[in-house]
Amino acid sequence: MAVRRLTVAFALFCGLAGGIAASPAEERAIVLASTTSTQDSGLLDYLLPIARDKTGIEVTVIARRSDEVLDGARRGEADVVLTHARPQEEKFVADGFATKRYDVMYNDFVLIGPKSDPAGVKGKDIATALKAIEAKGAPFVTRGDRSGTHAAELALWIVAGIDIAKTKGAWYRESGKGMTAALDAARTANAYVLADRASWIAFRDRGDLDIVVEGDKRLLNQYGVMLVNPEKHPNVRKELGQIFIDWLISPEGQAAIAGYKVDGQQVFFPNAAKQGG
């Protein structure tokens, strides 16, 4: 990303030296690093054109796992980050790479499994479900990729009182890829998998899979947004980045998020006004 900054700076220098003003797109542009779930769900394709019309800011997206998003931001590769890994986000702030995080929206995680439900978990709470899956050695696909979803899954095994690192066997299968790949692996293996609801709604080739556990308050999937600290990386476009964040958490931006639907279903639920940052 340093290369991007240098390239833009050089182009601006050459343009000014030649008496040519920088284009509005060059002047009002930021880089947003976000998770694959916001990209794969279609939210960003829907939301960013609205944001551009309202703020005049062109947003380039880097879509990665949450850990990669935050690692890249620590290197100054983005102006704004939007992720769903609150403990890691709070550490990002504590380490000085952002001065504040803002709640933006939430959805939830759901446990997906075969309609035949071999572990007998349908309708149970998530801890009971995971205990039953482990006890019966029912096939379970984990992302295994240090993403926000993977981190949430690992935390849920702890809630269930299971040390998955010690008890996992052939039944616990690592995908090592994104959510769509993990869902596809679960479909192929007739296995259970934890997914964010947005990715599940967007997943078309479901085969014999269905939601077996949902609605447990421990399945909340909160998203937060942060401006990368310009004191760490002076190349951060702090004014434009903050304008974008302010729009995102404003009533107008929150209404835009609420308006995004897939197959008639609301996918993300805004809550910037309800929780502190």
# chains A, B, ... in the order shown; residues from 1 in each chain; ligands from 1
call {"tool": "residues_around", "arguments": {"residues": "Ser147 in chain A", "least_positions_apart": "3", "cutoff": "6 Å", "atoms": "only C-alpha atoms", "output": "ChimeraX atom specification"}}
result
/A:65-67,150
call {"tool": "closest_atom_pairs", "arguments": {"of": "range 211-256 of chain A", "to": "range 112-119 of chain A", "cutoff": "10 Å", "atoms": "only C-alpha atoms", "output": "Markdown table"}}
result
| residue | atom | partner | partner_atom | distance |
| --- | --- | --- | --- | --- |
| A:Ile211 | CA | A:Ile112 | CA | 4.5 |
| A:Val212 | CA | A:Ile112 | CA | 5.6 |
| A:Val213 | CA | A:Ile112 | CA | 7.1 |
| A:Glu214 | CA | A:Ile112 | CA | 9.0 |
call {"tool": "write_last_selection", "arguments": {"atoms": "N, CA, C and O atoms", "output": "CSV table (one decimal), in the first residue's frame"}}
result
chain,number,residue,atom,x,y,z
A,211,ILE,N,-30.2,-24.3,8.4
A,211,ILE,CA,-29.9,-23.8,9.8
A,211,ILE,C,-30.4,-24.8,10.8
A,211,ILE,O,-31.6,-25.2,10.8
A,212,VAL,N,-29.5,-25.2,11.7
A,212,VAL,CA,-30.0,-26.1,12.8
A,212,VAL,C,-30.0,-25.4,14.2
A,212,VAL,O,-30.7,-25.8,15.1
A,213,VAL,N,-29.1,-24.4,14.4
A,213,VAL,CA,-29.1,-23.6,15.6
A,213,VAL,C,-29.1,-22.1,15.3
A,213,VAL,O,-28.2,-21.7,14.5
A,214,GLU,N,-29.9,-21.3,15.8
A,214,GLU,CA,-29.9,-19.9,15.7
A,214,GLU,C,-30.6,-19.2,16.8
A,214,GLU,O,-31.3,-19.9,17.6
call {"tool": "atom_distance", "arguments": {"atom1": "CA of Gly56 in chain A", "atom2": "CA of Leu44 in chain A"}}
result
16.0 Å
call {"tool": "residues_around", "arguments": {"residues": "Glu68 in chain A", "least_positions_apart": "3", "cutoff": "9 Å", "atoms": "only C-alpha atoms", "output": "number ranges by chain"}}
result
A: 35, 64-65, 71-73, 146-147
call {"tool": "select_by_dssp", "arguments": {"residues": "range 7-217 of chain A", "states": "strand (DSSP E)", "output": "VMD selection string"}}
result
chain A and resid 29 to 35 58 to 64 80 to 83 98 to 114 140 to 142 172 to 174 192 to 196 209 to 213
call {"tool": "residues_around", "arguments": {"residues": "range 82-92 of chain A", "least_positions_apart": "3", "cutoff": "9 Å", "atoms": "only C-alpha atoms", "output": "PyMOL selection string"}}
result
chain A and resi 32-35+38+65-67+69-70+74+95-101+104+106+147-149+151-152+221-226
call {"tool": "write_last_selection", "arguments": {"atoms": "N, CA and C atoms", "output": "short mmCIF file (atom, residue, chain, number, x, y, z; two decimals), in the first residue's frame"}}
result
data_model
loop_
_atom_site.label_atom_id
_atom_site.label_comp_id
_atom_site.auth_asym_id
_atom_site.auth_seq_id
_atom_site.Cartn_x
_atom_site.Cartn_y
_atom_site.Cartn_z
N LEU A 32 -10.66 1.29 2.00
CA LEU A 32 -11.37 0.61 3.08
C LEU A 32 -10.95 -0.85 3.09
N ALA A 33 -10.41 -1.30 4.20
CA ALA A 33 -10.09 -2.73 4.36
C ALA A 33 -11.22 -3.34 5.18
N SER A 34 -11.84 -4.38 4.63
CA SER A 34 -12.98 -4.99 5.30
C SER A 34 -12.94 -6.49 5.14
N THR A 35 -13.84 -7.14 5.85
CA THR A 35 -13.88 -8.60 5.85
C THR A 35 -14.55 -9.12 4.59
N THR A 38 -18.56 -8.83 4.32
CA THR A 38 -19.23 -7.63 3.84
C THR A 38 -19.16 -7.54 2.32
N ARG A 65 -9.60 -11.59 5.43
CA ARG A 65 -10.00 -12.04 6.75
C ARG A 65 -9.75 -10.92 7.75
N SER A 66 -10.46 -10.95 8.88
CA SER A 66 -10.32 -9.88 9.87
C SER A 66 -8.89 -9.71 10.35
N ASP A 67 -8.19 -10.83 10.61
CA ASP A 67 -6.81 -10.70 11.09
C ASP A 67 -5.92 -10.06 10.04
N VAL A 69 -6.96 -7.98 7.68
CA VAL A 69 -7.37 -6.58 7.61
C VAL A 69 -6.61 -5.76 8.65
N LEU A 70 -6.61 -6.24 9.89
CA LEU A 70 -5.97 -5.48 10.97
C LEU A 70 -4.45 -5.49 10.84
N ARG A 74 -2.15 -2.14 10.35
CA ARG A 74 -0.99 -1.82 11.20
C ARG A 74 0.20 -1.38 10.35
N ASP A 95 -3.45 -0.62 21.19
CA ASP A 95 -2.08 -0.55 20.68
C ASP A 95 -1.79 0.76 19.96
N GLY A 96 -2.78 1.62 19.85
CA GLY A 96 -2.57 2.94 19.26
C GLY A 96 -2.72 3.02 17.76
N PHE A 97 -3.22 1.97 17.14
CA PHE A 97 -3.37 2.00 15.68
C PHE A 97 -4.68 2.64 15.24
N ALA A 98 -5.57 2.89 16.19
CA ALA A 98 -6.77 3.68 15.98
C ALA A 98 -7.07 4.36 17.31
N THR A 99 -7.73 5.50 17.25
CA THR A 99 -8.04 6.21 18.49
C THR A 99 -9.43 5.85 19.00
N LYS A 100 -10.27 5.28 18.14
CA LYS A 100 -11.63 4.94 18.53
C LYS A 100 -12.23 3.92 17.58
N ARG A 101 -13.06 3.02 18.10
CA ARG A 101 -13.86 2.14 17.24
C ARG A 101 -15.33 2.49 17.44
N VAL A 104 -21.17 -0.37 14.22
CA VAL A 104 -21.83 0.02 12.98
C VAL A 104 -23.13 -0.77 12.79
N TYR A 106 -24.84 -5.19 13.09
CA TYR A 106 -24.63 -6.56 13.52
C TYR A 106 -25.51 -7.48 12.68
N SER A 147 -9.86 -16.02 10.75
CA SER A 147 -10.84 -14.99 10.41
C SER A 147 -11.68 -14.64 11.63
N GLY A 148 -12.52 -13.62 11.51
CA GLY A 148 -13.42 -13.28 12.60
C GLY A 148 -14.38 -14.41 12.91
N THR A 149 -14.85 -15.09 11.88
CA THR A 149 -15.75 -16.22 12.08
C THR A 149 -15.03 -17.38 12.77
N ALA A 151 -12.46 -17.09 14.77
CA ALA A 151 -12.24 -16.68 16.17
C ALA A 151 -13.52 -16.86 16.99
N ALA A 152 -14.67 -16.53 16.39
CA ALA A 152 -15.94 -16.71 17.09
C ALA A 152 -16.21 -18.18 17.35
N ASN A 221 -23.03 -11.20 16.08
CA ASN A 221 -21.89 -10.92 15.21
C ASN A 221 -21.83 -9.41 14.99
N GLN A 222 -21.04 -8.73 15.83
CA GLN A 222 -20.96 -7.27 15.82
C GLN A 222 -19.86 -6.79 14.89
N TYR A 223 -20.16 -5.75 14.13
CA TYR A 223 -19.17 -5.13 13.23
C TYR A 223 -18.78 -3.76 13.77
N GLY A 224 -17.48 -3.44 13.64
CA GLY A 224 -16.98 -2.15 14.08
C GLY A 224 -16.15 -1.50 12.99
N VAL A 225 -16.10 -0.17 13.02
CA VAL A 225 -15.32 0.59 12.04
C VAL A 225 -14.34 1.50 12.76
N MET A 226 -13.15 1.66 12.19
CA MET A 226 -12.11 2.48 12.81
C MET A 226 -11.32 3.23 11.75
#
call {"tool": "closest_residue", "arguments": {"among": "A:Lys274, A:Gly144, A:Asn190, A:Ala29", "to": "Ala51 in chain A", "atoms": "only C-alpha atoms"}}
result
A:Ala29
call {"tool": "atom_distance", "arguments": {"atom1": "CA of Asn107 in chain A", "atom2": "CA of Glu174 in chain A"}}
result
24.1 Å
call {"tool": "select_by_dssp", "arguments": {"residues": "range 158-252 of chain A", "states": "helix (DSSP H, G or I)", "output": "PyMOL selection string"}}
result
chain A and resi 158-159+164-167+179-189+197-202+217-219+238-248+251-252
call {"tool": "atom_distance", "arguments": {"atom1": "CA of Gly137 in chain A", "atom2": "CA of Trp171 in chain A"}}
result
5.5 Å
call {"tool": "closest_atom_pairs", "arguments": {"of": "range 135-203 of chain A", "to": "range 39-43 of chain A", "cutoff": "6 Å", "atoms": "only C-alpha atoms", "output": "Markdown table"}}
result
| residue | atom | partner | partner_atom | distance |
| --- | --- | --- | --- | --- |
| A:Ala198 | CA | A:Ser41 | CA | 5.7 |
| A:Ser199 | CA | A:Ser41 | CA | 5.7 |
| A:Ala202 | CA | A:Ser41 | CA | 5.9 |
